[in-house]
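Here is coords-v6.cif, consisting of mmCIF, C-alpha atoms:
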data_model
#
loop_
_atom_site.label_atom_id
_atom_site.label_comp_id
_atom_site.auth_asym_id
_atom_site.auth_seq_id
_atom_site.Cartn_x
_atom_site.Cartn_y
_atom_site.Cartn_z
CA MET A 770 -248.37 0.10 41.05
CA HIS A 771 -250.78 -2.16 42.86
CA PRO A 772 -252.27 -0.50 45.96
CA THR A 773 -251.14 -3.43 48.17
CA ARG A 774 -247.57 -2.96 47.01
CA LEU A 775 -247.80 0.78 47.61
CA ALA A 776 -249.21 0.14 51.07
CA SER A 777 -246.25 -2.16 51.77
CA LEU A 778 -243.85 0.54 50.68
CA LEU A 779 -245.58 3.00 52.97
CA ILE A 780 -245.15 0.59 55.85
CA VAL A 781 -241.47 0.14 54.99
CA ALA A 782 -240.96 3.91 54.86
CA SER A 783 -242.78 4.31 58.14
CA LEU A 784 -240.71 1.57 59.78
CA ALA A 785 -237.54 3.25 58.52
CA ALA A 786 -238.64 6.50 60.14
CA THR A 787 -239.45 4.69 63.39
CA SER A 788 -236.12 2.90 63.32
CA LEU A 789 -234.25 6.16 62.81
CA ALA A 790 -236.16 7.74 65.65
CA SER A 791 -235.51 4.89 68.07
CA SER A 792 -231.86 4.53 67.11
CA ALA A 793 -231.39 8.10 68.33
CA LYS A 794 -232.68 7.12 71.77
CA ASP A 795 -230.88 5.49 74.66
CA THR A 796 -230.39 1.89 75.62
CA PRO A 797 -233.50 0.10 76.76
CA ALA A 798 -233.52 -0.52 80.50
CA LYS A 799 -233.22 -4.33 80.08
CA PRO A 800 -229.62 -5.32 79.40
CA PRO A 801 -228.52 -8.65 77.94
CA ALA A 802 -228.39 -11.27 80.69
CA HIS A 803 -224.76 -12.22 80.10
CA LYS A 804 -223.30 -8.91 81.29
CA PRO A 805 -221.81 -8.99 84.78
CA ALA A 806 -224.21 -7.32 87.22
CA SER A 807 -223.49 -5.54 90.48
CA PRO A 808 -224.20 -7.28 93.79
CA ILE A 809 -227.33 -6.17 95.70
CA TYR A 810 -228.65 -4.13 92.74
CA GLY A 811 -228.10 -6.24 89.62
CA VAL A 812 -226.98 -3.15 87.67
CA VAL A 813 -224.87 -3.62 84.52
CA VAL A 814 -222.74 -1.21 82.49
CA PRO A 815 -225.00 0.22 79.76
CA ASP A 816 -223.77 -0.64 76.26
CA ASP A 817 -223.84 2.83 74.78
CA TYR A 818 -223.02 5.14 77.68
CA ARG A 819 -219.97 6.56 75.91
CA GLN A 820 -222.38 8.16 73.42
CA TRP A 821 -224.37 9.89 76.15
CA GLN A 822 -224.24 13.61 76.87
CA LEU A 823 -221.94 15.15 79.42
CA VAL A 824 -223.42 16.15 82.78
CA GLY A 825 -220.34 17.47 84.56
CA VAL A 826 -216.71 16.86 85.51
CA ALA A 827 -214.79 16.58 88.77
CA THR A 828 -211.54 15.63 90.39
CA GLU A 829 -211.03 13.53 93.48
CA ASP A 830 -208.04 14.06 95.73
CA ALA A 831 -205.34 11.54 96.60
CA PRO A 832 -205.20 8.67 97.35
CA LEU A 833 -207.61 8.19 94.43
CA ASP A 834 -206.20 11.19 92.55
CA GLU A 835 -208.69 10.98 89.71
CA LEU A 836 -210.31 12.96 86.94
CA ARG A 837 -213.96 12.17 86.43
CA ALA A 838 -216.75 12.80 83.97
CA VAL A 839 -220.42 11.99 84.43
CA VAL A 840 -222.64 11.32 81.41
CA GLY A 841 -226.39 10.72 81.37
CA ASN A 842 -228.89 9.02 79.08
CA ARG A 843 -231.63 10.99 77.39
CA ILE A 844 -234.07 10.61 80.29
CA ALA A 845 -231.51 11.84 82.80
CA ILE A 846 -230.37 14.79 80.66
CA ASP A 847 -233.96 15.87 80.01
CA ALA A 848 -234.68 15.76 83.75
CA TYR A 849 -231.58 17.82 84.50
CA ARG A 850 -232.49 20.42 81.90
CA LEU A 851 -236.04 20.71 83.20
CA GLY A 852 -234.91 20.64 86.83
CA LYS A 853 -237.17 17.64 87.34
CA LEU A 854 -236.69 15.93 90.71
CA PRO A 855 -236.87 13.11 91.54
CA PHE A 856 -235.35 11.74 88.34
CA PRO A 857 -237.89 9.68 86.39
CA ASP A 858 -237.68 5.92 86.01
CA GLY A 859 -235.26 4.95 83.28
CA ALA A 860 -232.80 7.74 84.08
CA MET A 861 -229.23 6.46 84.04
CA LEU A 862 -225.98 8.13 84.99
CA VAL A 863 -222.47 6.81 84.39
CA LYS A 864 -219.33 8.18 85.96
CA LEU A 865 -216.07 7.57 84.12
CA ALA A 866 -212.90 7.91 86.16
CA TRP A 867 -209.21 7.98 85.30
CA LYS A 868 -205.98 8.44 87.18
CA ARG A 869 -205.00 12.09 86.98
CA GLN A 870 -201.60 12.81 85.51
CA ARG A 871 -199.54 15.75 84.36
CA SER A 872 -199.88 16.48 80.65
CA ALA A 873 -196.69 15.64 78.75
CA GLU A 874 -197.37 18.27 76.10
CA PHE A 875 -198.71 21.09 78.29
CA PRO A 876 -197.42 20.92 81.87
CA PRO A 877 -199.91 23.36 83.45
CA ALA A 878 -202.64 20.80 82.68
CA THR A 879 -203.53 17.46 84.20
CA VAL A 880 -205.18 14.90 81.94
CA PRO A 881 -206.66 11.41 82.21
CA GLY A 882 -204.30 8.47 82.61
CA SER A 883 -205.46 4.88 82.97
CA ALA A 884 -209.16 4.22 83.53
CA THR A 885 -210.08 3.19 87.08
CA THR A 886 -213.79 2.68 87.79
CA VAL A 887 -217.03 3.00 85.88
CA GLN A 888 -219.91 3.77 88.19
CA VAL A 889 -223.57 3.49 87.25
CA MET A 890 -226.84 4.73 88.74
CA VAL A 891 -230.13 3.43 87.34
CA LYS A 892 -233.49 4.85 88.38
CA ASP A 893 -236.27 2.36 88.95
CA SER A 894 -238.52 3.56 91.74
CA LYS A 895 -240.18 0.18 92.24
CA ARG A 896 -237.25 -2.18 91.89
CA TYR A 897 -234.99 0.03 94.01
CA ALA A 898 -237.62 1.38 96.41
CA SER A 899 -235.43 0.62 99.43
CA SER A 900 -232.48 2.67 98.10
CA GLY A 901 -234.15 5.90 97.08
CA GLY A 902 -235.19 4.51 93.71
CA TRP A 903 -231.61 4.13 92.50
CA GLY A 904 -229.72 0.96 91.72
CA TYR A 905 -225.94 1.25 91.94
CA GLY A 906 -223.07 -0.48 90.19
CA ARG A 907 -219.32 0.05 90.50
CA PHE A 908 -217.14 -1.68 87.93
CA VAL A 909 -213.42 -2.18 87.42
CA ASP A 910 -212.35 -3.56 84.03
CA GLY A 911 -216.01 -4.29 83.32
CA LYS A 912 -216.46 -6.40 86.46
CA PRO A 913 -218.48 -5.33 89.48
CA VAL A 914 -216.63 -4.76 92.72
CA ASP A 915 -217.65 -6.66 95.86
CA LYS A 916 -220.83 -6.50 97.88
CA ALA A 917 -219.23 -4.61 100.76
CA GLN A 918 -218.42 -1.68 98.48
CA HIS A 919 -221.93 -1.66 97.09
CA GLU A 920 -223.36 -1.50 100.61
CA THR A 921 -221.88 1.98 100.99
CA CYS A 922 -223.42 3.60 97.88
CA PHE A 923 -226.91 4.48 98.99
CA ALA A 924 -226.03 5.48 102.55
CA CYS A 925 -223.44 8.00 101.40
CA HIS A 926 -225.44 9.46 98.51
CA ASN A 927 -228.55 9.73 100.65
CA ALA A 928 -226.73 11.28 103.59
CA LEU A 929 -225.00 13.95 101.50
CA VAL A 930 -227.26 14.86 98.56
CA LYS A 931 -230.76 13.70 99.46
CA ALA A 932 -232.14 17.09 98.36
CA ARG A 933 -230.89 16.37 94.82
CA ASP A 934 -232.44 12.89 94.68
CA ASP A 935 -229.17 11.32 95.85
CA VAL A 936 -227.25 12.64 92.82
CA PHE A 937 -223.97 14.45 93.47
CA THR A 938 -223.19 15.75 90.00
CA LYS A 939 -224.88 18.93 88.84
CA PHE A 940 -225.53 19.61 85.17
CA MET A 941 -223.01 22.15 83.89
CA PRO A 942 -224.38 24.09 80.90
CA MET B 1098 -256.52 5.50 46.92
CA HIS B 1099 -255.32 7.31 43.80
CA PRO B 1100 -251.73 6.42 42.88
CA THR B 1101 -250.73 10.12 42.82
CA ARG B 1102 -251.96 10.52 46.39
CA LEU B 1103 -250.13 7.38 47.45
CA ALA B 1104 -246.97 8.67 45.79
CA SER B 1105 -247.33 11.93 47.73
CA LEU B 1106 -247.67 10.00 50.96
CA LEU B 1107 -244.54 8.07 50.15
CA ILE B 1108 -242.69 11.31 49.59
CA VAL B 1109 -243.97 12.66 52.91
CA ALA B 1110 -242.90 9.49 54.73
CA SER B 1111 -239.53 9.64 53.03
CA LEU B 1112 -239.07 13.29 53.98
CA ALA B 1113 -239.99 12.45 57.56
CA ALA B 1114 -237.30 9.78 57.59
CA THR B 1115 -234.77 12.21 56.11
CA SER B 1116 -235.70 14.85 58.64
CA LEU B 1117 -235.28 12.41 61.53
CA ALA B 1118 -231.93 11.33 60.16
CA SER B 1119 -230.62 14.84 59.73
CA SER B 1120 -231.90 16.00 63.12
CA ALA B 1121 -229.67 13.34 64.67
CA LYS B 1122 -226.62 14.87 62.98
CA ASP B 1123 -224.51 17.81 63.95
CA THR B 1124 -224.83 21.46 63.15
CA PRO B 1125 -224.07 22.35 59.56
CA ALA B 1126 -220.77 24.15 59.12
CA LYS B 1127 -222.50 27.41 58.10
CA PRO B 1128 -223.74 29.22 61.18
CA PRO B 1129 -226.34 31.99 61.21
CA ALA B 1130 -224.68 35.27 60.31
CA HIS B 1131 -225.79 37.10 63.46
CA LYS B 1132 -223.63 35.07 65.85
CA PRO B 1133 -220.48 36.82 67.04
CA ALA B 1134 -217.46 35.38 65.22
CA SER B 1135 -213.86 35.15 66.33
CA PRO B 1136 -211.28 37.56 64.89
CA ILE B 1137 -208.91 36.17 62.25
CA TYR B 1138 -210.91 32.94 61.83
CA GLY B 1139 -214.59 33.91 61.82
CA VAL B 1140 -215.45 30.92 64.02
CA VAL B 1141 -218.71 30.98 66.00
CA VAL B 1142 -219.95 28.90 68.93
CA PRO B 1143 -221.88 25.94 67.44
CA ASP B 1144 -225.53 25.93 68.49
CA ASP B 1145 -225.75 22.38 69.70
CA TYR B 1146 -222.33 21.59 71.09
CA ARG B 1147 -223.70 20.78 74.52
CA GLN B 1148 -225.34 17.71 72.94
CA TRP B 1149 -222.04 16.44 71.50
CA GLN B 1150 -220.14 13.47 72.85
CA LEU B 1151 -217.39 13.76 75.40
CA VAL B 1152 -213.81 13.52 74.18
CA GLY B 1153 -211.89 14.00 77.43
CA VAL B 1154 -211.46 16.07 80.58
CA ALA B 1155 -208.62 18.07 82.11
CA THR B 1156 -207.64 20.56 84.75
CA GLU B 1157 -205.48 23.62 84.35
CA ASP B 1158 -203.39 24.92 87.22
CA ALA B 1159 -203.59 28.34 88.86
CA PRO B 1160 -203.87 31.14 87.97
CA LEU B 1161 -206.62 29.79 85.69
CA ASP B 1162 -207.47 26.98 88.14
CA GLU B 1163 -210.04 25.36 85.90
CA LEU B 1164 -211.86 22.14 85.18
CA ARG B 1165 -212.35 21.43 81.51
CA ALA B 1166 -214.26 19.11 79.23
CA VAL B 1167 -213.86 18.73 75.49
CA VAL B 1168 -216.77 17.56 73.33
CA GLY B 1169 -216.77 16.81 69.61
CA ASN B 1170 -219.29 16.69 66.81
CA ARG B 1171 -220.04 13.45 64.99
CA ILE B 1172 -217.29 13.95 62.42
CA ALA B 1173 -214.69 14.59 65.11
CA ILE B 1174 -215.77 11.65 67.31
CA ASP B 1175 -215.79 9.27 64.34
CA ALA B 1176 -212.27 10.40 63.42
CA TYR B 1177 -211.07 9.88 67.00
CA ARG B 1178 -212.59 6.39 67.16
CA LEU B 1179 -211.02 5.40 63.85
CA GLY B 1180 -207.72 7.06 64.71
CA LYS B 1181 -208.07 9.11 61.54
CA LEU B 1182 -205.51 11.92 61.23
CA PRO B 1183 -205.69 14.62 60.06
CA PHE B 1184 -209.26 15.25 61.19
CA PRO B 1185 -211.60 15.55 58.20
CA ASP B 1186 -213.24 18.80 57.14
CA GLY B 1187 -216.30 19.52 59.24
CA ALA B 1188 -214.77 18.18 62.44
CA MET B 1189 -215.49 20.49 65.36
CA LEU B 1190 -214.25 20.45 68.93
CA VAL B 1191 -215.49 22.59 71.80
CA LYS B 1192 -213.77 22.96 75.14
CA LEU B 1193 -215.94 23.98 78.09
CA ALA B 1194 -214.11 25.44 81.09
CA TRP B 1195 -215.14 26.33 84.61
CA LYS B 1196 -213.43 27.66 87.69
CA ARG B 1197 -212.47 24.72 89.87
CA GLN B 1198 -213.86 24.73 93.38
CA ARG B 1199 -214.08 22.42 96.37
CA SER B 1200 -217.30 20.41 96.50
CA ALA B 1201 -219.58 21.59 99.30
CA GLU B 1202 -221.12 18.14 99.72
CA PHE B 1203 -218.04 15.98 99.29
CA PRO B 1204 -214.82 17.77 100.27
CA PRO B 1205 -212.35 15.31 98.67
CA ALA B 1206 -213.75 16.39 95.30
CA THR B 1207 -213.38 19.53 93.23
CA VAL B 1208 -216.24 20.47 90.92
CA PRO B 1209 -217.07 23.14 88.35
CA GLY B 1210 -217.85 26.65 89.54
CA SER B 1211 -218.64 29.52 87.20
CA ALA B 1212 -218.09 29.05 83.47
CA THR B 1213 -215.04 30.84 82.08
CA THR B 1214 -214.29 30.29 78.38
CA VAL B 1215 -215.76 28.27 75.55
CA GLN B 1216 -213.12 27.39 72.97
CA VAL B 1217 -213.86 26.10 69.50
CA MET B 1218 -211.82 24.40 66.77
CA VAL B 1219 -213.34 23.96 63.32
CA LYS B 1220 -211.65 21.94 60.58
CA ASP B 1221 -211.76 23.38 57.08
CA SER B 1222 -208.59 22.51 55.24
CA LYS B 1223 -209.14 25.08 52.50
CA ARG B 1224 -210.46 28.02 54.48
CA TYR B 1225 -207.88 27.57 57.22
CA ALA B 1226 -204.99 26.31 55.11
CA SER B 1227 -202.57 28.75 56.72
CA SER B 1228 -203.33 27.50 60.27
CA GLY B 1229 -203.08 23.75 59.86
CA GLY B 1230 -206.65 23.49 58.59
CA TRP B 1231 -208.17 24.61 61.88
CA GLY B 1232 -210.10 27.76 62.64
CA TYR B 1233 -210.03 28.85 66.27
CA GLY B 1234 -212.45 30.76 68.47
CA ARG B 1235 -212.24 31.65 72.15
CA PHE B 1236 -215.39 33.04 73.74
CA VAL B 1237 -216.30 34.56 77.09
CA ASP B 1238 -220.00 34.97 77.82
CA GLY B 1239 -220.69 34.14 74.17
CA LYS B 1240 -218.42 36.90 72.85
CA PRO B 1241 -215.07 36.32 71.16
CA VAL B 1242 -211.95 37.55 72.92
CA ASP B 1243 -209.59 39.91 71.14
CA LYS B 1244 -207.41 39.39 68.10
CA ALA B 1245 -204.17 39.25 70.10
CA GLN B 1246 -205.40 36.18 71.98
CA HIS B 1247 -206.44 34.51 68.75
CA GLU B 1248 -203.00 35.08 67.30
CA THR B 1249 -201.57 32.65 69.85
CA CYS B 1250 -203.84 29.65 69.11
CA PHE B 1251 -202.25 28.08 66.07
CA ALA B 1252 -198.64 28.71 67.04
CA CYS B 1253 -199.05 26.99 70.41
CA HIS B 1254 -201.14 24.05 69.17
CA ASN B 1255 -198.84 23.48 66.23
CA ALA B 1256 -195.67 23.74 68.32
CA LEU B 1257 -196.86 21.26 70.96
CA VAL B 1258 -199.15 18.70 69.29
CA LYS B 1259 -198.46 18.84 65.57
CA ALA B 1260 -198.27 15.04 65.48
CA ARG B 1261 -201.91 14.88 66.60
CA ASP B 1262 -203.09 17.37 63.97
CA ASP B 1263 -202.76 20.25 66.44
CA VAL B 1264 -205.29 18.72 68.87
CA PHE B 1265 -204.30 18.45 72.52
CA THR B 1266 -207.18 16.39 73.88
CA LYS B 1267 -207.09 12.62 73.44
CA PHE B 1268 -210.25 10.58 73.25
CA MET B 1269 -210.76 8.76 76.55
CA PRO B 1270 -212.81 5.58 76.08
#
Would you mind writing the file out in structure tokens?
Amino acid sequence: MHPTRLASLLIVASLAATSLASSAKDTPAKPPAHKPASPIYGVVVPDDYRQWQLVGVATEDAPLDELRAVVGNRIAIDAYRLGKLPFPDGAMLVKLAWKRQRSAEFPPATVPGSATTVQVMVKDSKRYASSGGWGYGRFVDGKPVDKAQHETCFACHNALVKARDDVFTKFMP
Amino acid sequence: MHPTRLASLLIVASLAATSLASSAKDTPAKPPAHKPASPIYGVVVPDDYRQWQLVGVATEDAPLDELRAVVGNRIAIDAYRLGKLPFPDGAMLVKLAWKRQRSAEFPPATVPGSATTVQVMVKDSKRYASSGGWGYGRFVDGKPVDKAQHETCFACHNALVKARDDVFTKFMP
């Protein structure tokens, strides 16, 4: 085989390895422009968050009456595992929430009903310097809720869990 | 460069690609022999289940009073997403459970307290032919609970959710 052809093959093999490596990583921080973004922060729902690892779970009482799960991208999970605070730029957390309902098959359990909100936190210490480095987005049916709701995010997080870099959910091993 | 050396490099690059690909997959079905295995089924806690994707969440009432999350390996998640029943061999599900407690920072929420059980389902239609193709394991502090508890798994799952291949937890998008 001609050395040039072999060199090309090497490059192809190397690119394949790189592609495999990067496909195992999380969404790049820049989302496509067409996705609806939250007011104030311009945060969008990450494409692949449903593939992210679990951080923890929770319920919220009535009137919301919800079951919740928080997942994090690779950067966020690594920071949790290392106990690294503040979270590094690029960390993203997504909270999934559903109405809580009695299980039809096993009555001692409650299980998720219809989905309610998807809530997103994106760390970018420069872009979001005035809100503790976090950009916030709350979405219903893929669309961001209004500006007034987004004005409450930072104040509440910062008032209640400033010592954990404004993040409520703890990583549950 | 000598063709033999170039061929070796190609093999190395190819192995690197293979290694990256397989590292992104789930645990092989055969666990190390030293891990404590459940009675009846010989199921162990998979090494990497905490990296698996979320299936769904639940609570269970008192006296257990728990918050729960179920995660699945790649084979299980793919089957859920495709609506494929029965689950294919190699599918694994793990339920994490914690005592449910009031959030200190945000009282309308309940959050995980101490971990209680880790429960495992492993699909192997030949090995577990007499229990619907699933092997079961319930673990406390990494150790399997007794045989009597394991005798209840299949009967209950099969009585209540046979139509979903004996799996309670639905995938919540």
Q: Could you give me, as number ranges by chain, the residues within 10 Å of B:Met1269, counting all atoms listed in the file and dropping anything in the same chain fewer than 3 positions from it?
A: A: 819, 865-867, 880-884; B: 1151-1154, 1177-1178, 1266
Kindly provide, as JSON, the centre and edge lengths (Å, one decimal) of an axis-aligned box around all atoms of stretch 1202-1213 of chain B given in the file, with 5 Å on each side.
{"center_x": -216.7, "center_y": 23.1, "center_z": 91.2, "size_x": 18.8, "size_y": 25.5, "size_z": 28.2}
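Nearest residue to chain B among A:Ile809, A:Val840, A:Val814, A:Val914 is A:Val840, counting only C-alpha atoms.
Applied to the shown file, the PyMOL selection byres ((chain B and resi 1261-1263) around 8) selects the residues Leu1182, Pro1183, Phe1184, Gly1229, Phe1251, His1254, Asn1255, Leu1257, Val1258, Lys1259, Ala1260, Val1264 and Phe1265 of chain B.
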Same residues, C-alpha atoms, output as a PDB file, in the frame of the given file:
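Saved as out-v2.pdb:
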ATOM      1  CA  LEU B1182    -205.510  11.920  61.230  1.00  0.00           C
ATOM      2  CA  PRO B1183    -205.690  14.620  60.060  1.00  0.00           C
ATOM      3  CA  PHE B1184    -209.260  15.250  61.190  1.00  0.00           C
ATOM      4  CA  GLY B1229    -203.080  23.750  59.860  1.00  0.00           C
ATOM      5  CA  PHE B1251    -202.250  28.080  66.070  1.00  0.00           C
ATOM      6  CA  HIS B1254    -201.140  24.050  69.170  1.00  0.00           C
ATOM      7  CA  ASN B1255    -198.840  23.480  66.230  1.00  0.00           C
ATOM      8  CA  LEU B1257    -196.860  21.260  70.960  1.00  0.00           C
ATOM      9  CA  VAL B1258    -199.150  18.700  69.290  1.00  0.00           C
ATOM     10  CA  LYS B1259    -198.460  18.840  65.570  1.00  0.00           C
ATOM     11  CA  ALA B1260    -198.270  15.040  65.480  1.00  0.00           C
ATOM     12  CA  VAL B1264    -205.290  18.720  68.870  1.00  0.00           C
ATOM     13  CA  PHE B1265    -204.300  18.450  72.520  1.00  0.00           C
TER      14      PHE B1265
END
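Those residues returned by the PyMOL selection byres ((chain A and resi 806) around 10) for this file are A:Pro800, A:Ala802, A:His803, A:Lys804, A:Pro805, A:Ser807, A:Pro808, A:Ile809, A:Tyr810, A:Gly811, A:Val812, A:Val813, A:Val814, A:Tyr905, A:Gly906, A:Arg907, A:Phe908, A:Gly911, A:Lys912, A:Pro913, A:Val914.
Take the candidates B:Leu1190, B:Val1237, B:Ala1159, B:Ile1174 and check each one against B:Pro1270 using all atoms listed in the file; the shortest distance goes to B:Ile1174.
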Chain fit, chain B moved to chain A over all Cα pairs in order, as a compact mmCIF listing (two decimals) with C-alpha atoms, in the frame of the given file:
# COMPACT_ATOMS: atom_id res chain seq x y z
CA MET B 1098 -248.64 0.07 41.21
CA HIS B 1099 -251.06 -2.18 43.08
CA PRO B 1100 -252.47 -0.53 46.21
CA THR B 1101 -251.37 -3.48 48.39
CA ARG B 1102 -247.79 -3.04 47.20
CA LEU B 1103 -247.97 0.69 47.83
CA ALA B 1104 -249.33 0.03 51.31
CA SER B 1105 -246.39 -2.31 51.96
CA LEU B 1106 -243.97 0.37 50.85
CA LEU B 1107 -245.60 2.83 53.19
CA ILE B 1108 -245.18 0.39 56.04
CA VAL B 1109 -241.52 -0.10 55.13
CA ALA B 1110 -240.94 3.66 55.00
CA SER B 1111 -242.72 4.06 58.30
CA LEU B 1112 -240.65 1.31 59.90
CA ALA B 1113 -237.50 2.96 58.59
CA ALA B 1114 -238.55 6.21 60.23
CA THR B 1115 -239.31 4.40 63.49
CA SER B 1116 -235.98 2.62 63.38
CA LEU B 1117 -234.11 5.88 62.83
CA ALA B 1118 -235.99 7.47 65.69
CA SER B 1119 -235.32 4.66 68.11
CA SER B 1120 -231.66 4.36 67.13
CA ALA B 1121 -231.25 7.96 68.27
CA LYS B 1122 -232.54 7.04 71.73
CA ASP B 1123 -230.80 5.47 74.65
CA THR B 1124 -230.31 1.88 75.60
CA PRO B 1125 -233.45 0.13 76.78
CA ALA B 1126 -233.49 -0.52 80.51
CA LYS B 1127 -233.25 -4.31 80.01
CA PRO B 1128 -229.66 -5.28 79.30
CA PRO B 1129 -228.52 -8.56 77.78
CA ALA B 1130 -228.40 -11.22 80.47
CA HIS B 1131 -224.75 -12.13 79.89
CA LYS B 1132 -223.33 -8.83 81.14
CA PRO B 1133 -221.85 -8.93 84.63
CA ALA B 1134 -224.25 -7.29 87.08
CA SER B 1135 -223.54 -5.53 90.34
CA PRO B 1136 -224.28 -7.29 93.64
CA ILE B 1137 -227.39 -6.18 95.53
CA TYR B 1138 -228.72 -4.12 92.60
CA GLY B 1139 -228.14 -6.19 89.45
CA VAL B 1140 -227.01 -3.10 87.54
CA VAL B 1141 -224.90 -3.55 84.40
CA VAL B 1142 -222.75 -1.14 82.40
CA PRO B 1143 -225.00 0.34 79.67
CA ASP B 1144 -223.75 -0.50 76.18
CA ASP B 1145 -223.78 2.97 74.74
CA TYR B 1146 -222.98 5.26 77.63
CA ARG B 1147 -219.93 6.68 75.91
CA GLN B 1148 -222.32 8.32 73.42
CA TRP B 1149 -224.33 10.04 76.17
CA GLN B 1150 -224.19 13.74 76.91
CA LEU B 1151 -221.89 15.24 79.47
CA VAL B 1152 -223.37 16.22 82.82
CA GLY B 1153 -220.29 17.52 84.64
CA VAL B 1154 -216.67 16.90 85.59
CA ALA B 1155 -214.76 16.59 88.85
CA THR B 1156 -211.52 15.60 90.48
CA GLU B 1157 -211.03 13.48 93.55
CA ASP B 1158 -208.05 13.98 95.82
CA ALA B 1159 -205.35 11.45 96.69
CA PRO B 1160 -205.24 8.59 97.40
CA LEU B 1161 -207.64 8.11 94.47
CA ASP B 1162 -206.21 11.14 92.62
CA GLU B 1163 -208.67 10.97 89.76
CA LEU B 1164 -210.29 12.97 87.01
CA ARG B 1165 -213.94 12.19 86.49
CA ALA B 1166 -216.73 12.84 84.02
CA VAL B 1167 -220.40 12.05 84.45
CA VAL B 1168 -222.61 11.40 81.42
CA GLY B 1169 -226.36 10.80 81.34
CA ASN B 1170 -228.85 9.14 79.06
CA ARG B 1171 -231.59 11.14 77.36
CA ILE B 1172 -234.03 10.73 80.24
CA ALA B 1173 -231.48 11.93 82.78
CA ILE B 1174 -230.31 14.91 80.68
CA ASP B 1175 -233.89 16.00 80.01
CA ALA B 1176 -234.63 15.85 83.74
CA TYR B 1177 -231.52 17.91 84.53
CA ARG B 1178 -232.43 20.54 81.93
CA LEU B 1179 -235.98 20.82 83.23
CA GLY B 1180 -234.85 20.73 86.85
CA LYS B 1181 -237.13 17.73 87.35
CA LEU B 1182 -236.66 15.99 90.72
CA PRO B 1183 -236.85 13.16 91.50
CA PHE B 1184 -235.33 11.81 88.29
CA PRO B 1185 -237.87 9.77 86.33
CA ASP B 1186 -237.67 6.00 85.92
CA GLY B 1187 -235.24 5.07 83.17
CA ALA B 1188 -232.79 7.84 84.02
CA MET B 1189 -229.22 6.55 83.97
CA LEU B 1190 -225.96 8.19 84.96
CA VAL B 1191 -222.47 6.86 84.37
CA LYS B 1192 -219.32 8.23 85.96
CA LEU B 1193 -216.06 7.61 84.11
CA ALA B 1194 -212.88 7.94 86.18
CA TRP B 1195 -209.20 8.00 85.34
CA LYS B 1196 -205.98 8.43 87.25
CA ARG B 1197 -204.98 12.07 87.08
CA GLN B 1198 -201.58 12.79 85.61
CA ARG B 1199 -199.52 15.76 84.49
CA SER B 1200 -199.84 16.52 80.78
CA ALA B 1201 -196.65 15.68 78.90
CA GLU B 1202 -197.30 18.36 76.28
CA PHE B 1203 -198.64 21.13 78.48
CA PRO B 1204 -197.35 20.94 82.06
CA PRO B 1205 -199.85 23.38 83.65
CA ALA B 1206 -202.56 20.83 82.85
CA THR B 1207 -203.48 17.48 84.34
CA VAL B 1208 -205.14 14.94 82.06
CA PRO B 1209 -206.61 11.44 82.29
CA GLY B 1210 -204.27 8.49 82.67
CA SER B 1211 -205.45 4.91 82.99
CA ALA B 1212 -209.16 4.25 83.52
CA THR B 1213 -210.08 3.20 87.06
CA THR B 1214 -213.80 2.68 87.75
CA VAL B 1215 -217.03 3.03 85.83
CA GLN B 1216 -219.93 3.80 88.15
CA VAL B 1217 -223.57 3.53 87.18
CA MET B 1218 -226.85 4.78 88.67
CA VAL B 1219 -230.14 3.50 87.25
CA LYS B 1220 -233.50 4.92 88.30
CA ASP B 1221 -236.31 2.43 88.84
CA SER B 1222 -238.55 3.62 91.62
CA LYS B 1223 -240.23 0.24 92.08
CA ARG B 1224 -237.30 -2.11 91.73
CA TYR B 1225 -235.06 0.05 93.88
CA ALA B 1226 -237.66 1.40 96.28
CA SER B 1227 -235.51 0.59 99.30
CA SER B 1228 -232.53 2.64 98.00
CA GLY B 1229 -234.19 5.89 97.00
CA GLY B 1230 -235.21 4.52 93.62
CA TRP B 1231 -231.64 4.14 92.40
CA GLY B 1232 -229.74 0.98 91.60
CA TYR B 1233 -225.97 1.27 91.86
CA GLY B 1234 -223.09 -0.47 90.11
CA ARG B 1235 -219.35 0.06 90.43
CA PHE B 1236 -217.17 -1.67 87.85
CA VAL B 1237 -213.45 -2.18 87.34
CA ASP B 1238 -212.36 -3.51 83.96
CA GLY B 1239 -216.02 -4.24 83.21
CA LYS B 1240 -216.51 -6.37 86.32
CA PRO B 1241 -218.53 -5.33 89.36
CA VAL B 1242 -216.68 -4.79 92.63
CA ASP B 1243 -217.74 -6.70 95.72
CA LYS B 1244 -220.92 -6.55 97.74
CA ALA B 1245 -219.32 -4.69 100.66
CA GLN B 1246 -218.49 -1.75 98.39
CA HIS B 1247 -222.01 -1.71 97.00
CA GLU B 1248 -223.42 -1.57 100.50
CA THR B 1249 -221.94 1.90 100.92
CA CYS B 1250 -223.47 3.55 97.82
CA PHE B 1251 -226.96 4.44 98.94
CA ALA B 1252 -226.10 5.39 102.50
CA CYS B 1253 -223.47 7.91 101.38
CA HIS B 1254 -225.47 9.40 98.50
CA ASN B 1255 -228.59 9.67 100.61
CA ALA B 1256 -226.76 11.19 103.58
CA LEU B 1257 -225.02 13.87 101.51
CA VAL B 1258 -227.28 14.82 98.58
CA LYS B 1259 -230.78 13.67 99.45
CA ALA B 1260 -232.14 17.05 98.37
CA ARG B 1261 -230.88 16.37 94.84
CA ASP B 1262 -232.44 12.90 94.68
CA ASP B 1263 -229.19 11.30 95.83
CA VAL B 1264 -227.23 12.64 92.83
CA PHE B 1265 -223.96 14.44 93.50
CA THR B 1266 -223.16 15.77 90.04
CA LYS B 1267 -224.84 18.97 88.89
CA PHE B 1268 -225.47 19.67 85.24
CA MET B 1269 -222.94 22.22 84.00
CA PRO B 1270 -224.30 24.19 81.03
